[in-house]
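Here's the structure, in structure tokens; my notes come after.
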Amino acid sequence: MTPERPDPTVPTATYRLQLQPDFPFSAAAAAVPYLASLGVSHLHLSPVLEAVPGSSHGYDVVDHSRVRGELGGEEGLRALARTAREHGLGLVVDIVPNHMAMSPRHNRALWDVLREGPKSPYARWFDVDWEAQGGQVLLPVLGAPVGEVLDDLRVDGDVLRYHDHVFPLRDGTGDLPLPQLLDAQWYRPVWWRLARTELNYRRFFSISELIGVRVEDPEVFEATHATILRLLHEGVVDGLRVDHPDGLADPGTYLRRLHEASGGRWTVVEKILADGERLPAAWPVAGTTGYDALRHVDALFTDPAGYGELVVRYRGFTAPQADRGGDWAATVRRAAHKVLTHELATELDRLTRVAHRLCVASPEPALRDRAPWALRTALRELLVRLEVYRPYTPTDAASVVTEEAAAEARLAFPVREEGGAVDAVRDLVLGRFGDGPEHVEFRTRFAQTASALRAKSVEDTAFYRYVPLLSATEVGGNPGGPALSPDAFHAYCARVQRDWPATGTVVTTHDTKRSADVRAALAVLTECPERWTDVLAEVARTGEGVPDAQLAWAAWQTVFGLGPADGERVRGALLKHVREAGMHTSWTEQEPPYEDAVARFVTAGPCGTPGGRVAALRDALEPHIRANVLGTALTHLTMPGVPDLYQGTEDEYLALVDPDNRRPVDFPPAGGGDAGAVDAGTAGTKGAVTRAALALRGRRPELFGDAATYAPLTAEGPAAAHCVAFARSGEVVTAVTRLSLRLAEAGGWRGTTLPLPPGRWADALTPGREFTGHARVEELFAGVPVALLERVAAAGADAG
């Protein structure tokens, strides 16, 4: 008898697996019994379509028509789905609509475009500016200017080879001398450094190896989504995660088309919401992938006053090296200027050309006589002032490209009349001068450039330059204000339950720069900034060869958050840190002497004998780190939304930025045993808390779903602010300890109580304990700094 399929509509909890050649579908299938015992309803798979051979992530798709062979192909995916169903699990898969790999030898659609040019049936797939670069697609693959590497370019039959790169030859050109042959192609191999200013295809952020796909074209949408949609309709797949919709020309239209084509399957989007920003209500999705939840959960366990003091101490320790000593907003602005004039210079040039064409051809006096340099300056000054990823409609743009931003942008012009270029650009963004094809193109490219700029300037630059508290520099985070009051957290949760009850929530992903457990440890530093800087002063006196104070601060925090770890992991993460920051070295302009100094410092300092002093502080703060770890885990698993657990995070999981966080994990985890039971040996651990919460969600999903309720519970007494609690549907109570070090320093709970809803409440973390009425918080948290309570059914009543 075939087991009943799980409800495909809304998961109760998902579990993210990073598929790769070392962890294919068969390995995932072998893990299914263990994962099912955890209590999740669906497995969440990283991209499953054909990718560049050896890819460890799968976001570099090369063929949308096939399931990736290195993972086991479509039969392997179907076998995984069958095994999952046998254990009551469904599948959610990650899809990548925005881009494909710029790898002609593997990407056959791109191969055809490079051979046939704009007449190729696949030319409409890719966002290429054929009017630029003489109608040739620039391929930034050469290690030096072409004149210096001609001997490395060779014709081999009907292909052109350059080391590992292979390109098709246009018909009839194979016998030409090499210089003429290169001129005769629909592409031009060039020195990789020209990508910064000369590229004529849209890409993913500033990654030239990923070319943008025009899924706004209905035929392209159908071709790139046919296989995934077939797997959905055949019941192999149940839901979707959409990667980076902000890169698309029209995310709203795309999502409506996807919703209709998928039959309304549960879909979440990787949308980064800035503080105060709302997900567009018209999008037919369940919500986001959950970075907004991550920011709010982290903020709950961050002390606002202590963070302010930590910033002051950070500036004192790092001055004058810390990004000119500016605040967060100033750091972002400077980073945005740098990114827009360097990494995204070609995107800004293309946008300027479109704006200039509109101005030259416009009958509107306000647009006439605008020089390209003035339009470029106006675009730059407006783009760097955007505080969200992008606008979506002209109406939406008014709240994104504000008059305040325009007023600041005008100050970049020495002559008032030149500043009129700012008004011209803003009016074009707001759609005030028409809705023709070029007007739409301009608004689209402005939005796409804005999203790339925001990601690169904030997540990939400013987060590495402004580091008073590394846990605040997380995807979707706000280092300018990383702390949140319990009331603000409750307001957020109530809003999620009302507006997006099936949204995704996360605290660790394949893209987080530090896992939740590392960030939970770092947040404790906001409760003791003076102890942290005292220790730092001590190790700084003993340290030698410090490359710069800002790097030292970040390095010591890294080993504090991570705890004992292999030095190679720390060195790798910090080398990435300094390259992303771009202050002394970068990915494209590497400074070996500086990077060598960083490696020596990390080995001798944070990973050497002086690191023992930081380790001793971590050990002393361990009870408070534990409170944050458990509080984060339980809050995430019981707050509104569908929690997504990243692989391995059901137990302690200490990881840094990728590739450190994408290492395969073992199933079941060492010492993990059966996922279902909580025993005396594991009670009070993160694993026990996770398993108890997931078991409760799996057993009583109606308490957490669309029709559920969320109600804050307010503690009473002198330490009330340190107890955060809420009830779900009147049947489950979550209570966690907040800022436990401050609590201990103030004398503990001192009789603080938590008024519980009427009835008897059983402790799901410590079986056998029950509470009624006003529970003494000290008793509630005896042994474990969090509590998960379930209402005990009255005698004779249905237990639900």
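FYI, nothing fancy with the structure tokens labels: chains A, B, ... in order, residues from 1 per chain, ligands from 1 as they appear.
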Skipping near chain neighbours, those fewer than 5 positions away, what residues fall within 12 Å of Val546 of chain A using only C-alpha atoms, listed as an MDAnalysis selection string? chainID A and resid 318 539:541 551:556 594:606
Pull N, CA, C and O atoms from the residues just selected and write them as a PDB file, in the first residue's frame.
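Resulting contents of out_9.pdb:
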ATOM      1  N   THR A 318      40.267  50.903  17.277  1.00  0.00           N
ATOM      2  CA  THR A 318      40.661  50.845  15.871  1.00  0.00           C
ATOM      3  C   THR A 318      41.058  52.186  15.278  1.00  0.00           C
ATOM      4  O   THR A 318      41.669  52.226  14.213  1.00  0.00           O
ATOM      5  N   VAL A 539      45.514  40.906  25.189  1.00  0.00           N
ATOM      6  CA  VAL A 539      46.092  40.106  24.113  1.00  0.00           C
ATOM      7  C   VAL A 539      46.789  40.992  23.090  1.00  0.00           C
ATOM      8  O   VAL A 539      47.736  40.559  22.421  1.00  0.00           O
ATOM      9  N   ALA A 540      46.337  42.233  22.963  1.00  0.00           N
ATOM     10  CA  ALA A 540      46.996  43.146  22.024  1.00  0.00           C
ATOM     11  C   ALA A 540      48.411  43.455  22.473  1.00  0.00           C
ATOM     12  O   ALA A 540      49.313  43.650  21.652  1.00  0.00           O
ATOM     13  N   ARG A 541      48.624  43.494  23.788  1.00  0.00           N
ATOM     14  CA  ARG A 541      49.977  43.773  24.298  1.00  0.00           C
ATOM     15  C   ARG A 541      50.930  42.622  24.006  1.00  0.00           C
ATOM     16  O   ARG A 541      52.122  42.821  23.812  1.00  0.00           O
ATOM     17  N   LEU A 551      41.229  44.725  11.665  1.00  0.00           N
ATOM     18  CA  LEU A 551      41.321  43.284  11.417  1.00  0.00           C
ATOM     19  C   LEU A 551      41.526  42.522  12.722  1.00  0.00           C
ATOM     20  O   LEU A 551      40.937  41.457  12.941  1.00  0.00           O
ATOM     21  N   ALA A 552      42.342  43.076  13.617  1.00  0.00           N
ATOM     22  CA  ALA A 552      42.586  42.409  14.891  1.00  0.00           C
ATOM     23  C   ALA A 552      41.291  42.272  15.685  1.00  0.00           C
ATOM     24  O   ALA A 552      40.988  41.205  16.237  1.00  0.00           O
ATOM     25  N   TRP A 553      40.507  43.349  15.757  1.00  0.00           N
ATOM     26  CA  TRP A 553      39.229  43.309  16.475  1.00  0.00           C
ATOM     27  C   TRP A 553      38.335  42.206  15.902  1.00  0.00           C
ATOM     28  O   TRP A 553      37.753  41.406  16.644  1.00  0.00           O
ATOM     29  N   ALA A 554      38.220  42.168  14.581  1.00  0.00           N
ATOM     30  CA  ALA A 554      37.375  41.162  13.938  1.00  0.00           C
ATOM     31  C   ALA A 554      37.922  39.749  14.147  1.00  0.00           C
ATOM     32  O   ALA A 554      37.160  38.797  14.352  1.00  0.00           O
ATOM     33  N   ALA A 555      39.239  39.610  14.122  1.00  0.00           N
ATOM     34  CA  ALA A 555      39.840  38.284  14.288  1.00  0.00           C
ATOM     35  C   ALA A 555      39.587  37.735  15.687  1.00  0.00           C
ATOM     36  O   ALA A 555      39.234  36.566  15.863  1.00  0.00           O
ATOM     37  N   TRP A 556      39.794  38.593  16.700  1.00  0.00           N
ATOM     38  CA  TRP A 556      39.562  38.122  18.066  1.00  0.00           C
ATOM     39  C   TRP A 556      38.091  37.801  18.290  1.00  0.00           C
ATOM     40  O   TRP A 556      37.756  36.825  18.975  1.00  0.00           O
ATOM     41  N   TYR A 594      50.449  42.046   2.625  1.00  0.00           N
ATOM     42  CA  TYR A 594      49.428  42.267   3.652  1.00  0.00           C
ATOM     43  C   TYR A 594      48.741  40.951   3.988  1.00  0.00           C
ATOM     44  O   TYR A 594      48.527  40.631   5.177  1.00  0.00           O
ATOM     45  N   GLU A 595      48.376  40.179   2.986  1.00  0.00           N
ATOM     46  CA  GLU A 595      47.673  38.918   3.240  1.00  0.00           C
ATOM     47  C   GLU A 595      48.552  37.946   4.008  1.00  0.00           C
ATOM     48  O   GLU A 595      48.067  37.205   4.874  1.00  0.00           O
ATOM     49  N   ASP A 596      49.841  37.932   3.707  1.00  0.00           N
ATOM     50  CA  ASP A 596      50.763  37.079   4.469  1.00  0.00           C
ATOM     51  C   ASP A 596      50.828  37.536   5.927  1.00  0.00           C
ATOM     52  O   ASP A 596      50.897  36.706   6.852  1.00  0.00           O
ATOM     53  N   ALA A 597      50.806  38.855   6.135  1.00  0.00           N
ATOM     54  CA  ALA A 597      50.832  39.378   7.499  1.00  0.00           C
ATOM     55  C   ALA A 597      49.563  38.982   8.250  1.00  0.00           C
ATOM     56  O   ALA A 597      49.612  38.673   9.453  1.00  0.00           O
ATOM     57  N   VAL A 598      48.439  38.992   7.568  1.00  0.00           N
ATOM     58  CA  VAL A 598      47.182  38.556   8.187  1.00  0.00           C
ATOM     59  C   VAL A 598      47.289  37.097   8.620  1.00  0.00           C
ATOM     60  O   VAL A 598      46.939  36.734   9.758  1.00  0.00           O
ATOM     61  N   ALA A 599      47.792  36.247   7.741  1.00  0.00           N
ATOM     62  CA  ALA A 599      47.910  34.826   8.073  1.00  0.00           C
ATOM     63  C   ALA A 599      48.837  34.605   9.263  1.00  0.00           C
ATOM     64  O   ALA A 599      48.543  33.804  10.159  1.00  0.00           O
ATOM     65  N   ARG A 600      49.968  35.318   9.280  1.00  0.00           N
ATOM     66  CA  ARG A 600      50.910  35.163  10.400  1.00  0.00           C
ATOM     67  C   ARG A 600      50.280  35.635  11.701  1.00  0.00           C
ATOM     68  O   ARG A 600      50.431  34.986  12.755  1.00  0.00           O
ATOM     69  N   PHE A 601      49.579  36.757  11.641  1.00  0.00           N
ATOM     70  CA  PHE A 601      48.946  37.285  12.852  1.00  0.00           C
ATOM     71  C   PHE A 601      47.898  36.313  13.387  1.00  0.00           C
ATOM     72  O   PHE A 601      47.855  36.039  14.598  1.00  0.00           O
ATOM     73  N   VAL A 602      47.061  35.793  12.517  1.00  0.00           N
ATOM     74  CA  VAL A 602      45.998  34.882  12.965  1.00  0.00           C
ATOM     75  C   VAL A 602      46.605  33.636  13.590  1.00  0.00           C
ATOM     76  O   VAL A 602      46.142  33.147  14.628  1.00  0.00           O
ATOM     77  N   THR A 603      47.666  33.111  12.976  1.00  0.00           N
ATOM     78  CA  THR A 603      48.309  31.907  13.506  1.00  0.00           C
ATOM     79  C   THR A 603      48.947  32.156  14.873  1.00  0.00           C
ATOM     80  O   THR A 603      48.790  31.357  15.806  1.00  0.00           O
ATOM     81  N   ALA A 604      49.645  33.276  14.987  1.00  0.00           N
ATOM     82  CA  ALA A 604      50.373  33.559  16.232  1.00  0.00           C
ATOM     83  C   ALA A 604      49.484  34.147  17.315  1.00  0.00           C
ATOM     84  O   ALA A 604      49.770  33.978  18.507  1.00  0.00           O
ATOM     85  N   GLY A 605      48.414  34.842  16.917  1.00  0.00           N
ATOM     86  CA  GLY A 605      47.561  35.526  17.885  1.00  0.00           C
ATOM     87  C   GLY A 605      46.286  34.763  18.205  1.00  0.00           C
ATOM     88  O   GLY A 605      46.267  33.914  19.102  1.00  0.00           O
ATOM     89  N   PRO A 606      45.183  35.028  17.485  1.00  0.00           N
ATOM     90  CA  PRO A 606      43.903  34.382  17.800  1.00  0.00           C
ATOM     91  C   PRO A 606      43.962  32.863  17.814  1.00  0.00           C
ATOM     92  O   PRO A 606      43.279  32.221  18.611  1.00  0.00           O
TER      93      PRO A 606
END
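Residues with any atom within 7 Å of Asp644 of chain A, counting only C-alpha atoms and excluding same-chain neighbours fewer than 3 positions away, are Ala13, Thr14, Tyr15, Arg16, Gly504, Thr505 and Val506 of chain A.
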Writing out the chosen residues with N, CA, C and O atoms as a short mmCIF file (atom, residue, chain, number, x, y, z; two decimals), in the first residue's frame:
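As written to disk, out-v7.cif reads:
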data_model
loop_
_atom_site.label_atom_id
_atom_site.label_comp_id
_atom_site.auth_asym_id
_atom_site.auth_seq_id
_atom_site.Cartn_x
_atom_site.Cartn_y
_atom_site.Cartn_z
N ALA A 13 7.68 22.44 8.93
CA ALA A 13 9.08 22.80 9.13
C ALA A 13 9.87 22.15 8.02
O ALA A 13 9.54 21.05 7.57
N THR A 14 10.93 22.83 7.54
CA THR A 14 11.76 22.28 6.47
C THR A 14 13.19 22.11 6.95
O THR A 14 13.61 22.74 7.92
N TYR A 15 13.92 21.26 6.25
CA TYR A 15 15.31 20.98 6.61
C TYR A 15 16.16 21.12 5.36
O TYR A 15 15.98 20.40 4.39
N ARG A 16 17.06 22.10 5.36
CA ARG A 16 17.87 22.43 4.19
C ARG A 16 19.07 21.50 4.05
O ARG A 16 19.87 21.36 4.98
N GLY A 504 8.72 31.78 5.33
CA GLY A 504 9.84 31.04 5.86
C GLY A 504 10.54 31.83 6.96
O GLY A 504 10.51 33.06 6.98
N THR A 505 11.16 31.12 7.89
CA THR A 505 12.00 31.74 8.90
C THR A 505 13.31 30.97 8.99
O THR A 505 13.31 29.74 8.84
N VAL A 506 14.40 31.66 9.21
CA VAL A 506 15.72 31.02 9.32
C VAL A 506 16.54 31.71 10.40
O VAL A 506 16.26 32.86 10.75
#
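The shortest atom-to-atom distance to Arg498 of chain A, with only C-alpha atoms taken into account, belongs to A:Gly705 out of A:Pro304, A:Gly730, A:Gly705, A:Pro145.
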Do a neighbour search on Arg357 of chain A at 9 Å with only C-alpha atoms, toss out local chain neighbours closer than 5 positions, and write the hits as number ranges by chain. A: 352, 362, 438
Next, the residues of the selection above should be written as a PDB file, in the first residue's frame with C-alpha atoms.
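Produced file out.pdb, reproduced below:
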ATOM      1  CA  THR A 352      23.610  56.163 -18.266  1.00  0.00           C
ATOM      2  CA  SER A 362      12.415  63.542 -25.280  1.00  0.00           C
ATOM      3  CA  GLU A 438      12.788  52.717 -23.295  1.00  0.00           C
TER       4      GLU A 438
END
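In the backbone-derived DSSP annotation, alpha helix (DSSP H) within segment 219-260 of chain A comprises A:Glu219, A:Val220, A:Phe221, A:Glu222, A:Ala223, A:Thr224, A:His225, A:Ala226, A:Thr227, A:Ile228, A:Leu229, A:Arg230, A:Leu231, A:Leu232, A:His233, A:Pro251, A:Gly252, A:Thr253, A:Tyr254, A:Leu255, A:Arg256, A:Arg257, A:Leu258, A:His259, A:Glu260.
Going from atom CA of Pro547 of chain A over to atom CA of Phe205 of chain A, you cover 29.7 Å.
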With only C-alpha atoms as the counted atoms, please give the residues lying no more than 6 Å from segment 772-774 of chain A, apart from itself and same-chain residues fewer than 5 positions off, as a ChimeraX atom specification. /A:753-756,760
I want to know what sits within 7 Å of Leu49 of chain A, based on only C-alpha atoms, with residues of the same chain fewer than 6 positions away left out; could you give that as a short mmCIF file (atom, residue, chain, number, x, y, z; two decimals) with C-alpha atoms, in the first residue's frame?
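The result, written out as around-v1.cif:
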data_model
loop_
_atom_site.label_atom_id
_atom_site.label_comp_id
_atom_site.auth_asym_id
_atom_site.auth_seq_id
_atom_site.Cartn_x
_atom_site.Cartn_y
_atom_site.Cartn_z
CA VAL A 61 22.88 26.28 -13.72
CA ASP A 63 20.77 23.27 -18.39
CA HIS A 64 17.20 23.76 -17.12
CA ARG A 66 17.83 18.11 -16.92
CA VAL A 67 18.20 17.15 -13.28
CA ARG A 68 21.86 17.24 -12.36
#
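Within the 9 Å cut-off around Thr393 of chain A, using only C-alpha atoms and omitting residues fewer than 4 positions from it on the same chain, the listed residues are Asp250, Ala397, Leu430, Gly431 and Arg443 of chain A.
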Just the residues within 12 Å of His163 of chain A, please, counting only C-alpha atoms, with nothing from its chain fewer than 4 positions along; format it as a short mmCIF file (atom, residue, chain, number, x, y, z; two decimals) with C-alpha atoms, in the first residue's frame.
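Once written, part09.cif looks like this:
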data_model
loop_
_atom_site.label_atom_id
_atom_site.label_comp_id
_atom_site.auth_asym_id
_atom_site.auth_seq_id
_atom_site.Cartn_x
_atom_site.Cartn_y
_atom_site.Cartn_z
CA VAL A 141 38.43 35.22 -19.48
CA LEU A 142 41.99 36.10 -20.51
CA GLY A 143 44.73 36.34 -17.92
CA VAL A 149 48.27 35.75 -24.65
CA LEU A 150 47.77 35.21 -28.38
CA ASP A 151 49.99 32.13 -28.21
CA ASP A 152 47.58 30.60 -25.68
CA LEU A 153 44.61 31.01 -28.03
CA ARG A 154 44.37 28.24 -30.60
CA VAL A 155 41.91 26.94 -33.14
CA PHE A 167 34.30 28.63 -27.52
#
If you count only C-alpha atoms, the residue of A:Arg663, A:Thr635, A:Glu790, A:Tyr464 closest to Ala735 of chain A turns out to be A:Thr635
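Residues of segment 467-700 of chain A assigned to strand (DSSP E or B) by DSSP on this structure's backbone: Gly504, Thr505, Val642, Pro643, Asp644, Leu645 and Tyr646 of chain A.
Distances here use only C-alpha atoms; by that measure, the residue among A:Ala261, A:Leu525, A:Ala305, A:Ala462 closest to Met583 of chain A is A:Ala462.
With distances restricted to only C-alpha atoms, A:Asp246 is the closest residue to Tyr392 of chain A from A:Glu404, A:Asp427, A:Glu219, A:Asp246.
The nearest approach to Leu199 of chain A among the residues A:Ser471, A:Gln133, A:Asn478, A:Thr588, with only C-alpha atoms taken into account, belongs to A:Gln133.
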Top pick for closest residue to Leu694 of chain A, considering A:Glu650, A:Asp164, A:Glu779, A:Asp238 and counting only C-alpha atoms: A:Glu650
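Interatomic distance, atom CA of Gly72 of chain A against atom CA of Val96 of chain A: 19.4 Å.
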